[in-house]
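Participant: File name input.csv; file contents CSV, C-alpha atoms and all ligand atoms; full text below.
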chain,number,residue,atom,x,y,z
A,786,MET,CA,235.7,-13.2,51.1
A,787,HIS,CA,232.3,-13.0,52.7
A,788,PHE,CA,230.7,-9.8,53.7
A,789,LEU,CA,228.3,-9.0,56.5
A,790,LYS,CA,225.8,-6.2,55.9
A,791,ASP,CA,225.3,-4.0,58.9
A,792,ARG,CA,223.5,-0.6,59.0
A,793,GLY,CA,224.2,0.3,55.5
A,794,PHE,CA,228.0,-0.3,55.8
A,795,VAL,CA,229.6,-3.5,54.6
A,796,HIS,CA,232.3,-4.9,56.9
A,797,PRO,CA,234.5,-7.8,56.1
A,798,ARG,CA,233.7,-10.6,58.5
A,799,SER,CA,237.0,-11.0,60.3
A,800,ALA,CA,236.6,-14.4,62.0
A,801,GLU,CA,236.7,-15.9,58.5
A,802,ILE,CA,240.1,-14.5,57.6
A,803,THR,CA,241.8,-14.1,61.0
A,804,PRO,CA,243.0,-17.2,62.9
A,805,PRO,CA,240.7,-17.9,65.9
A,806,ALA,CA,243.4,-17.3,68.5
A,807,VAL,CA,244.4,-14.0,67.0
A,808,TYR,CA,240.7,-13.1,66.7
A,809,ARG,CA,240.0,-13.9,70.4
A,810,GLY,CA,243.0,-11.9,71.5
A,811,ARG,CA,242.0,-8.9,69.5
A,812,ARG,CA,238.4,-9.1,70.8
A,813,GLN,CA,239.7,-8.9,74.3
A,814,LEU,CA,242.0,-6.0,73.5
A,815,LEU,CA,239.1,-4.3,71.7
A,816,GLN,CA,236.7,-4.7,74.6
A,817,GLY,CA,239.3,-3.1,76.9
A,818,LEU,CA,239.7,-0.3,74.4
A,819,ALA,CA,236.0,0.2,74.0
A,820,ALA,CA,235.7,0.5,77.8
A,821,GLY,CA,238.4,3.1,78.0
A,822,ALA,CA,237.5,5.0,74.9
A,823,ALA,CA,237.0,8.7,75.5
A,824,GLY,CA,235.2,11.6,73.9
A,825,TRP,CA,235.2,11.5,70.1
A,826,LEU,CA,236.7,8.1,70.1
A,827,ALA,CA,233.7,6.6,71.8
A,828,ALA,CA,233.0,3.1,70.6
A,829,GLY,CA,230.2,3.1,68.0
A,830,PRO,CA,228.8,0.1,66.0
A,831,ALA,CA,232.0,-0.2,64.0
A,832,ALA,CA,234.1,-0.7,67.1
A,833,ALA,CA,232.0,-3.7,68.0
A,834,GLN,CA,233.5,-5.4,64.9
A,835,ALA,CA,236.7,-7.3,65.3
A,836,LEU,CA,239.7,-6.6,63.0
A,837,PRO,CA,239.4,-7.6,59.4
A,838,VAL,CA,243.0,-8.3,58.5
A,839,ALA,CA,245.4,-11.0,59.3
A,840,ARG,CA,249.1,-10.4,59.9
A,841,PRO,CA,251.5,-11.1,57.1
A,842,GLY,CA,254.0,-12.4,59.7
A,843,LYS,CA,257.0,-10.5,58.4
A,844,LEU,CA,257.6,-7.9,61.1
A,845,ALA,CA,257.0,-7.3,64.8
A,846,PRO,CA,253.3,-7.4,65.7
A,847,LEU,CA,251.5,-4.2,66.4
A,848,PRO,CA,247.8,-5.0,67.0
A,849,GLY,CA,245.3,-2.2,67.1
A,850,GLY,CA,241.7,-2.2,68.3
A,851,ARG,CA,239.2,-1.6,65.5
A,852,SER,CA,238.3,2.1,65.6
A,853,SER,CA,235.0,3.8,65.1
A,854,VAL,CA,236.9,6.7,63.6
A,855,GLY,CA,237.2,6.5,59.8
A,856,GLY,CA,237.4,2.8,59.6
A,857,ALA,CA,233.6,2.4,59.4
A,858,TYR,CA,233.5,4.4,56.2
A,859,VAL,CA,235.9,2.4,54.0
A,860,THR,CA,234.3,-0.8,52.9
A,861,ASP,CA,236.6,-1.6,50.0
A,862,LYS,CA,238.8,-4.6,50.3
A,863,PRO,CA,242.3,-3.8,51.7
A,864,THR,CA,245.0,-3.7,49.1
A,865,SER,CA,247.4,-6.7,49.5
A,866,TYR,CA,250.4,-6.3,51.8
A,867,SER,CA,252.7,-7.1,48.9
A,868,ASP,CA,251.3,-4.2,46.8
A,869,ILE,CA,251.3,-1.8,49.8
A,870,THR,CA,255.0,-2.6,50.4
A,871,HIS,CA,256.3,-2.7,46.8
A,872,TYR,CA,254.6,0.2,45.2
A,873,ASN,CA,255.8,3.2,47.2
A,874,ASN,CA,256.7,6.9,47.0
A,875,TYR,CA,259.7,7.5,49.2
A,876,TYR,CA,262.1,9.7,47.3
A,877,GLU,CA,264.8,9.4,49.9
A,878,PHE,CA,265.2,5.8,48.6
A,879,GLY,CA,264.8,6.5,44.9
A,880,THR,CA,262.1,7.8,42.6
A,881,ASP,CA,260.8,4.5,41.1
A,882,LYS,CA,257.9,2.8,42.8
A,883,SER,CA,260.0,-0.3,43.3
A,884,ASP,CA,263.0,1.6,44.7
A,885,PRO,CA,261.9,2.0,48.4
A,886,ALA,CA,261.3,-1.8,48.8
A,887,GLN,CA,264.7,-2.5,47.4
A,888,ASN,CA,266.7,0.3,49.1
A,889,ALA,CA,265.0,1.1,52.4
A,890,GLY,CA,266.7,-1.8,54.3
A,891,THR,CA,269.5,0.6,55.2
A,892,LEU,CA,267.1,2.7,57.3
A,893,ARG,CA,267.9,2.3,61.0
A,894,THR,CA,264.7,2.8,63.1
A,895,ARG,CA,266.3,2.4,66.5
A,896,PRO,CA,267.4,4.4,68.3
A,897,TRP,CA,264.8,7.0,67.1
A,898,THR,CA,263.5,10.1,68.6
A,899,VAL,CA,260.8,12.6,67.7
A,900,ALA,CA,261.4,16.2,68.8
A,901,VAL,CA,258.3,18.3,69.6
A,902,GLU,CA,259.1,22.0,69.5
A,903,GLY,CA,257.8,25.5,68.9
A,904,ALA,CA,254.6,27.0,70.3
A,905,VAL,CA,253.8,24.4,73.0
A,906,LYS,CA,253.9,24.6,76.8
A,907,LYS,CA,255.6,21.1,77.0
A,908,PRO,CA,258.2,20.8,74.3
A,909,GLY,CA,260.4,17.7,74.5
A,910,THR,CA,262.0,14.8,72.8
A,911,TYR,CA,260.1,11.5,72.7
A,912,ASP,CA,261.8,8.2,72.3
A,913,ILE,CA,259.9,6.1,69.7
A,914,ASP,CA,259.2,3.4,72.2
A,915,ALA,CA,257.6,5.9,74.6
A,916,LEU,CA,255.6,7.4,71.7
A,917,LEU,CA,254.3,3.9,70.9
A,918,LYS,CA,252.8,3.7,74.4
A,919,LEU,CA,251.3,7.2,74.6
A,920,ALA,CA,247.8,6.1,73.6
A,921,PRO,CA,246.0,2.9,72.7
A,922,MET,CA,246.7,1.6,69.1
A,923,GLU,CA,243.8,1.5,66.8
A,924,GLU,CA,243.4,0.0,63.4
A,925,ARG,CA,242.0,2.4,60.8
A,926,ILE,CA,241.3,1.3,57.3
A,927,TYR,CA,241.8,4.4,55.1
A,928,ARG,CA,242.1,5.0,51.4
A,929,LEU,CA,245.5,6.5,50.5
A,930,ARG,CA,245.1,8.5,47.3
A,931,CYS,CA,248.2,9.8,45.6
A,932,VAL,CA,248.2,12.9,43.5
A,933,GLU,CA,249.4,10.7,40.7
A,934,ALA,CA,245.8,9.3,40.5
A,935,TRP,CA,246.3,5.9,42.0
A,936,SER,CA,244.9,4.7,45.3
A,937,MET,CA,245.2,1.9,47.9
A,938,VAL,CA,243.2,0.8,50.9
A,939,VAL,CA,245.5,0.3,53.9
A,940,PRO,CA,244.8,-1.0,57.4
A,941,TRP,CA,247.0,1.4,59.2
A,942,VAL,CA,247.8,1.1,63.0
A,943,GLY,CA,248.3,4.2,65.2
A,944,TYR,CA,246.4,6.7,67.2
A,945,SER,CA,245.0,10.2,66.5
A,946,LEU,CA,247.8,12.8,66.3
A,947,ALA,CA,245.5,14.8,68.6
A,948,GLU,CA,246.5,12.5,71.5
A,949,LEU,CA,250.1,13.8,71.2
A,950,ILE,CA,249.1,17.3,70.5
A,951,ARG,CA,246.9,17.6,73.6
A,952,ARG,CA,249.7,16.3,75.8
A,953,VAL,CA,252.2,19.0,74.6
A,954,GLU,CA,249.7,21.8,75.2
A,955,PRO,CA,250.0,24.1,72.2
A,956,THR,CA,249.9,27.8,73.0
A,957,GLY,CA,247.7,30.4,71.2
A,958,ASN,CA,250.5,31.0,68.8
A,959,ALA,CA,250.3,27.5,67.4
A,960,LYS,CA,248.4,28.0,64.1
A,961,PHE,CA,250.1,25.3,62.0
A,962,VAL,CA,252.1,22.1,62.5
A,963,GLN,CA,255.2,21.2,60.4
A,964,PHE,CA,256.5,17.7,60.1
A,965,VAL,CA,260.2,17.3,59.4
A,966,THR,CA,261.4,13.9,58.2
A,967,LEU,CA,264.7,12.2,58.3
A,968,ALA,CA,267.4,13.2,55.8
A,969,ASP,CA,270.5,11.1,56.3
A,970,PRO,CA,272.6,10.5,53.2
A,971,ARG,CA,274.4,7.6,54.9
A,972,GLN,CA,271.1,5.7,55.2
A,973,MET,CA,269.2,7.2,52.3
A,974,PRO,CA,270.7,6.8,48.8
A,975,GLY,CA,268.1,9.1,47.2
A,976,ILE,CA,269.3,12.2,49.2
A,977,ALA,CA,272.3,12.5,46.9
A,978,SER,CA,270.0,13.0,43.9
A,979,ARG,CA,268.7,16.4,44.9
A,980,VAL,CA,265.2,15.8,43.4
A,981,LEU,CA,263.8,17.6,46.4
A,982,ASP,CA,265.2,20.2,48.9
A,983,TRP,CA,265.8,17.8,51.8
A,984,PRO,CA,264.6,17.2,54.4
A,985,TYR,CA,261.1,16.3,53.2
A,986,VAL,CA,258.7,18.6,55.1
A,987,GLU,CA,254.9,18.7,55.3
A,988,GLY,CA,252.4,20.8,57.2
A,989,LEU,CA,248.9,21.0,58.4
A,990,ARG,CA,246.7,23.8,59.8
A,991,MET,CA,246.1,23.2,63.5
A,992,ASP,CA,242.5,22.1,63.1
A,993,GLU,CA,243.5,19.6,60.4
A,994,ALA,CA,246.2,18.2,62.7
A,995,MET,CA,243.7,18.0,65.6
A,996,HIS,CA,241.0,16.2,63.5
A,997,PRO,CA,240.5,12.7,64.9
A,998,LEU,CA,241.0,11.2,61.4
A,999,THR,CA,244.6,12.4,61.3
A,1000,LEU,CA,246.6,9.4,62.4
A,1001,LEU,CA,250.0,9.2,63.9
A,1002,THR,CA,250.9,5.9,62.3
A,1003,PHE,CA,253.2,3.2,63.5
A,1004,GLY,CA,252.1,0.1,61.6
A,1005,LEU,CA,250.0,-1.5,58.9
A,1006,TYR,CA,248.4,-5.0,58.7
A,1007,GLY,CA,248.8,-5.5,62.4
A,1008,GLU,CA,252.6,-5.1,62.3
A,1009,VAL,CA,255.1,-2.3,62.7
A,1010,LEU,CA,255.6,-0.2,59.5
A,1011,PRO,CA,258.0,-1.6,56.9
A,1012,ASN,CA,260.8,0.8,56.3
A,1013,GLN,CA,259.5,1.7,52.8
A,1014,ASP,CA,256.2,2.8,54.3
A,1015,GLY,CA,257.7,5.3,56.6
A,1016,ALA,CA,259.0,3.4,59.7
A,1017,PRO,CA,259.1,4.0,62.5
A,1018,VAL,CA,256.5,6.7,62.5
A,1019,ARG,CA,254.6,8.7,59.9
A,1020,VAL,CA,251.4,10.7,59.6
A,1021,ILE,CA,248.4,9.7,57.6
A,1022,VAL,CA,245.9,12.4,56.5
A,1023,PRO,CA,243.3,10.4,54.7
A,1024,TRP,CA,241.4,13.2,53.0
A,1025,LYS,CA,244.5,14.7,51.4
A,1026,TYR,CA,246.8,13.6,48.7
A,1027,GLY,CA,249.4,11.0,49.8
A,1028,PHE,CA,252.3,13.5,49.8
A,1029,LYS,CA,250.8,15.2,52.9
A,1030,SER,CA,251.6,12.0,54.8
A,1031,GLY,CA,255.3,12.5,55.7
A,1032,LYS,CA,257.3,9.4,56.4
A,1033,SER,CA,259.9,8.7,59.1
A,1034,ILE,CA,259.2,11.8,61.1
A,1035,VAL,CA,262.0,13.2,63.4
A,1036,LYS,CA,260.5,16.6,64.4
A,1037,ILE,CA,257.1,18.1,64.9
A,1038,ARG,CA,257.1,21.9,65.0
A,1039,PHE,CA,254.2,24.1,66.1
A,1040,VAL,CA,254.3,27.4,64.3
A,1041,GLU,CA,252.4,30.6,63.8
A,1042,GLN,CA,252.9,31.1,60.0
A,1043,GLN,CA,252.0,28.6,57.3
A,1044,PRO,CA,255.1,26.4,57.1
A,1045,LYS,CA,257.2,25.4,54.1
A,1046,THR,CA,256.2,22.1,52.5
A,1047,SER,CA,258.3,20.2,50.1
A,1048,TRP,CA,256.1,19.8,47.0
A,1049,ASN,CA,254.7,23.3,47.3
A,1050,THR,CA,258.2,24.7,47.4
A,1051,GLU,CA,259.4,22.5,44.5
A,1052,LEU,CA,256.4,23.1,42.2
A,1053,PRO,CA,254.2,25.8,43.6
A,1054,ASP,CA,251.9,25.9,40.5
A,1055,GLU,CA,251.1,22.2,40.8
A,1056,TYR,CA,251.0,21.6,44.6
A,1057,GLY,CA,249.3,23.8,47.1
A,1058,PHE,CA,249.5,23.8,50.9
A,1059,TYR,CA,246.1,22.2,51.4
A,1060,SER,CA,246.2,19.5,48.8
A,1061,ASN,CA,242.8,18.1,49.7
A,1062,VAL,CA,241.7,15.3,47.4
A,1063,ASN,CA,239.4,17.1,45.0
A,1064,PRO,CA,238.0,15.5,41.8
A,1065,HIS,CA,236.9,19.0,40.6
A,1066,VAL,CA,240.4,20.6,40.6
A,1067,ASP,CA,242.6,19.0,38.0
A,1068,HIS,CA,246.3,18.8,38.4
A,1069,PRO,CA,247.8,21.1,35.7
A,1070,ARG,CA,249.0,18.1,33.8
A,1071,TRP,CA,246.3,15.5,34.3
A,1072,SER,CA,242.7,15.0,35.5
A,1073,GLN,CA,241.9,14.1,39.1
A,1074,ALA,CA,238.4,12.9,38.4
A,1075,THR,CA,239.2,9.2,38.5
A,1076,GLU,CA,241.8,6.9,40.0
A,1077,ARG,CA,243.4,3.5,39.5
A,1078,ARG,CA,243.2,1.1,42.4
A,1079,ILE,CA,246.6,-0.6,42.9
A,1080,GLY,CA,246.1,-4.4,42.5
A,1081,GLU,CA,243.2,-4.0,40.1
A,1082,ASP,CA,245.4,-3.7,37.0
A,1083,GLY,CA,243.8,-6.3,34.8
A,1084,LEU,CA,242.8,-5.7,31.3
A,1085,PHE,CA,239.2,-5.0,32.3
A,1086,ALA,CA,239.9,-3.1,35.5
A,1087,LYS,CA,237.8,0.0,35.7
A,1088,ARG,CA,239.1,3.3,37.0
A,1089,ARG,CA,237.2,4.5,40.1
A,1090,PRO,CA,235.7,7.9,40.4
A,1091,THR,CA,237.6,10.0,42.9
A,1092,LEU,CA,235.5,11.2,45.8
A,1093,MET,CA,235.6,14.7,47.3
A,1094,PHE,CA,238.0,14.7,50.3
A,1095,ASN,CA,238.7,11.0,49.4
A,1096,GLY,CA,235.3,10.1,50.7
A,1097,TYR,CA,235.7,11.8,54.1
A,1098,GLU,CA,233.6,14.9,53.2
A,1099,PRO,CA,231.0,14.2,56.0
A,1100,GLN,CA,233.9,14.2,58.6
A,1101,VAL,CA,236.1,17.0,57.3
A,1102,GLY,CA,234.0,19.2,54.9
A,1103,GLN,CA,233.3,21.6,57.8
A,1104,LEU,CA,237.0,22.5,58.1
A,1105,TYR,CA,236.9,24.2,54.8
A,1106,ALA,CA,233.5,25.9,54.9
A,1107,GLY,CA,233.7,29.2,53.1
A,1108,MET,CA,237.1,28.6,51.6
A,1109,ASP,CA,237.6,28.8,47.8
A,1110,LEU,CA,239.0,25.3,47.2
A,1111,ARG,CA,240.2,26.3,43.7
A,1112,LYS,CA,242.3,29.0,45.2
A,1113,TYR,CA,243.4,27.0,48.2
A,1114,TYR,CA,244.2,23.8,46.4
B,1,LIG,N1,259.7,11.4,53.7
B,1,LIG,C1,258.8,11.2,52.7
B,1,LIG,N2,257.5,11.0,52.9
B,1,LIG,C2,256.6,10.8,51.9
B,1,LIG,C3,257.1,10.8,50.6
B,1,LIG,C4,258.5,10.9,50.3
B,1,LIG,O1,259.0,10.9,49.2
B,1,LIG,N3,259.3,11.1,51.4
B,1,LIG,N4,256.2,10.6,49.5
B,1,LIG,C5,254.8,10.9,49.8
B,1,LIG,C6,253.9,10.5,48.8
B,1,LIG,S1,253.9,11.3,47.3
B,1,LIG,C7,253.0,9.5,48.9
B,1,LIG,S2,251.8,9.1,47.8
B,1,LIG,C8,253.0,8.6,50.2
B,1,LIG,C9,253.1,7.2,49.8
B,1,LIG,O2,253.0,6.3,50.9
B,1,LIG,P1,253.2,4.8,50.7
B,1,LIG,O3,254.5,4.5,50.0
B,1,LIG,O4,253.3,4.2,52.1
B,1,LIG,O5,252.1,4.3,49.9
B,1,LIG,O6,254.0,9.0,51.1
B,1,LIG,C10,254.3,10.4,51.2
B,1,LIG,N5,255.3,10.6,52.2
B,2,MO,MO,252.0,10.8,46.1
Let's see the structure in the file written out as structure tokens.
Ligand SMILES: Nc1nc2c(c(=O)[nH]1)N[C@H]1C(S)=C(S)[C@@H](COP(=O)(O)O)O[C@H]1N2
Ligand SMILES: [Mo]

Facilitator:
Amino acid sequence: MHFLKDRGFVHPRSAEITPPAVYRGRRQLLQGLAAGAAGWLAAGPAAAQALPVARPGKLAPLPGGRSSVGGAYVTDKPTSYSDITHYNNYYEFGTDKSDPAQNAGTLRTRPWTVAVEGAVKKPGTYDIDALLKLAPMEERIYRLRCVEAWSMVVPWVGYSLAELIRRVEPTGNAKFVQFVTLADPRQMPGIASRVLDWPYVEGLRMDEAMHPLTLLTFGLYGEVLPNQDGAPVRVIVPWKYGFKSGKSIVKIRFVEQQPKTSWNTELPDEYGFYSNVNPHVDHPRWSQATERRIGEDGLFAKRRPTLMFNGYEPQVGQLYAGMDLRKYY
């Protein structure tokens, strides 16, 4: 792959890896998006780049305009589609990394609704197809860093969760957001195993949920999410460990108290509520200083140093100013 140097960032040159017709279509879409981009999503230099990834052609297309949010900061080569879809954590379908790809075919993603409830002026139930149209889709290339000390680079497709949150008008009592995911034993063989207290739940503080980097995610590699990656909708919080990014969400609750989250409930000494990627705070059983990039498993592959907030410190560091990140891990 060839690279193009631009203002200190290195962007893959998309025209060389995307078929010209797809490339032209995306440019048009992108120009439309750039014209309509508002506020913090205003098009910057990165938005002028076309998309770097080609569709694998396996699932329904879900193109997204290249975003200036987040995408500009990750210059690593995206992990292969095959690795992203065959090395998964989705315990509802089994605990081995290869289980979700093998077992998630039984997940039915239509009909699907997402209930929004709690401290909001406009609660309601969104059909997934309405949710898909709520805001323009963007492609965001984010690192996903698991607490198990491996990472991937994924071209996600979605829009900022803030787009949905603003529409439901949270009240002053909304201090946290809880994400509740599907737990259906008929579709999910792992539910019977009781490794976790189902349903899998996660949560964010309101300002974390509103941060433009927090992505309501519907696709990857320009197509809808494969079941094993959390179809039909999940959250991606790129500066936190992967487990904060709940898959196959059915309910979003706005609450006043810090909500229950699955891993914190299961192993409170090992997993805190915040779970920010932090190379200086080791997991009780292993170091978090470095990580293994999936797909770079050769004999001479080097581990990579883990970056504070997974590399998003300039964007999110302010959210935690004055907090003791050893206490709030
Ligand atoms: N519902 C649900 N969401 C989940 C998980 C899970 O087991 N169930 N695992 C989490 C963990 S630990 C990680 S690292 C990421 C993995 O996402 P990926 O398989 O798409 O890479 O999903 C997170 N979301
Ligand atoms: Mo994880």

Participant: Can you work out which residues are within 8 Å of ligand MO 2 (chain B), considering all atoms listed in the file, and then hand them over as a ChimeraX atom specification?

Facilitator: /A:874,930-933,1026-1028

Participant: Considering all atoms listed in the file, state which residue in the set A:Leu949, A:Ala920, A:Leu1092, A:Val1062 is at the smallest distance from ligand LIG 1 (chain B).

Facilitator: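 Once distances to ligand LIG 1 (chain B) are computed over all atoms listed in the file, the minimum belongs to A:Val1062.
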
Participant: Quick one: pull the distance between atom C7 of ligand LIG 1 (chain B) and atom CA of Gly1107 of chain A, Å, one decimal.

Facilitator: 27.9 Å

Participant: Hey, could you make a per-residue contact list for chain A against ligand LIG 1 (chain B) with 6 Å as the cut-off, showing the nearest pair of atoms and its distance in Å to one decimal, counting all atoms listed in the file, sorted by chain and number, as CSV?

Facilitator:
residue,atom,partner,partner_atom,distance
A:Asn873,CA,B:LIG1,O3,3.3
A:Asn874,CA,B:LIG1,O3,4.4
A:Tyr875,CA,B:LIG1,O1,3.5
A:Tyr876,CA,B:LIG1,O1,3.8
A:Glu877,CA,B:LIG1,N3,5.9
A:Cys931,CA,B:LIG1,S2,4.3
A:Thr966,CA,B:LIG1,N1,5.4
A:Tyr985,CA,B:LIG1,N1,5.1
A:Asp1014,CA,B:LIG1,O4,3.9
A:Gly1027,CA,B:LIG1,S2,3.7
A:Phe1028,CA,B:LIG1,C6,3.5
A:Ser1030,CA,B:LIG1,N5,4.7
A:Gly1031,CA,B:LIG1,N2,3.9
A:Lys1032,CA,B:LIG1,N2,3.9

Participant: My list of candidates is A:Glu948, A:Asp969, A:Asp1054, A:Glu954. Which is closest to Phe1039 of chain A when distances are computed with only C-alpha atoms?

Facilitator: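 Closest candidate: A:Glu954.
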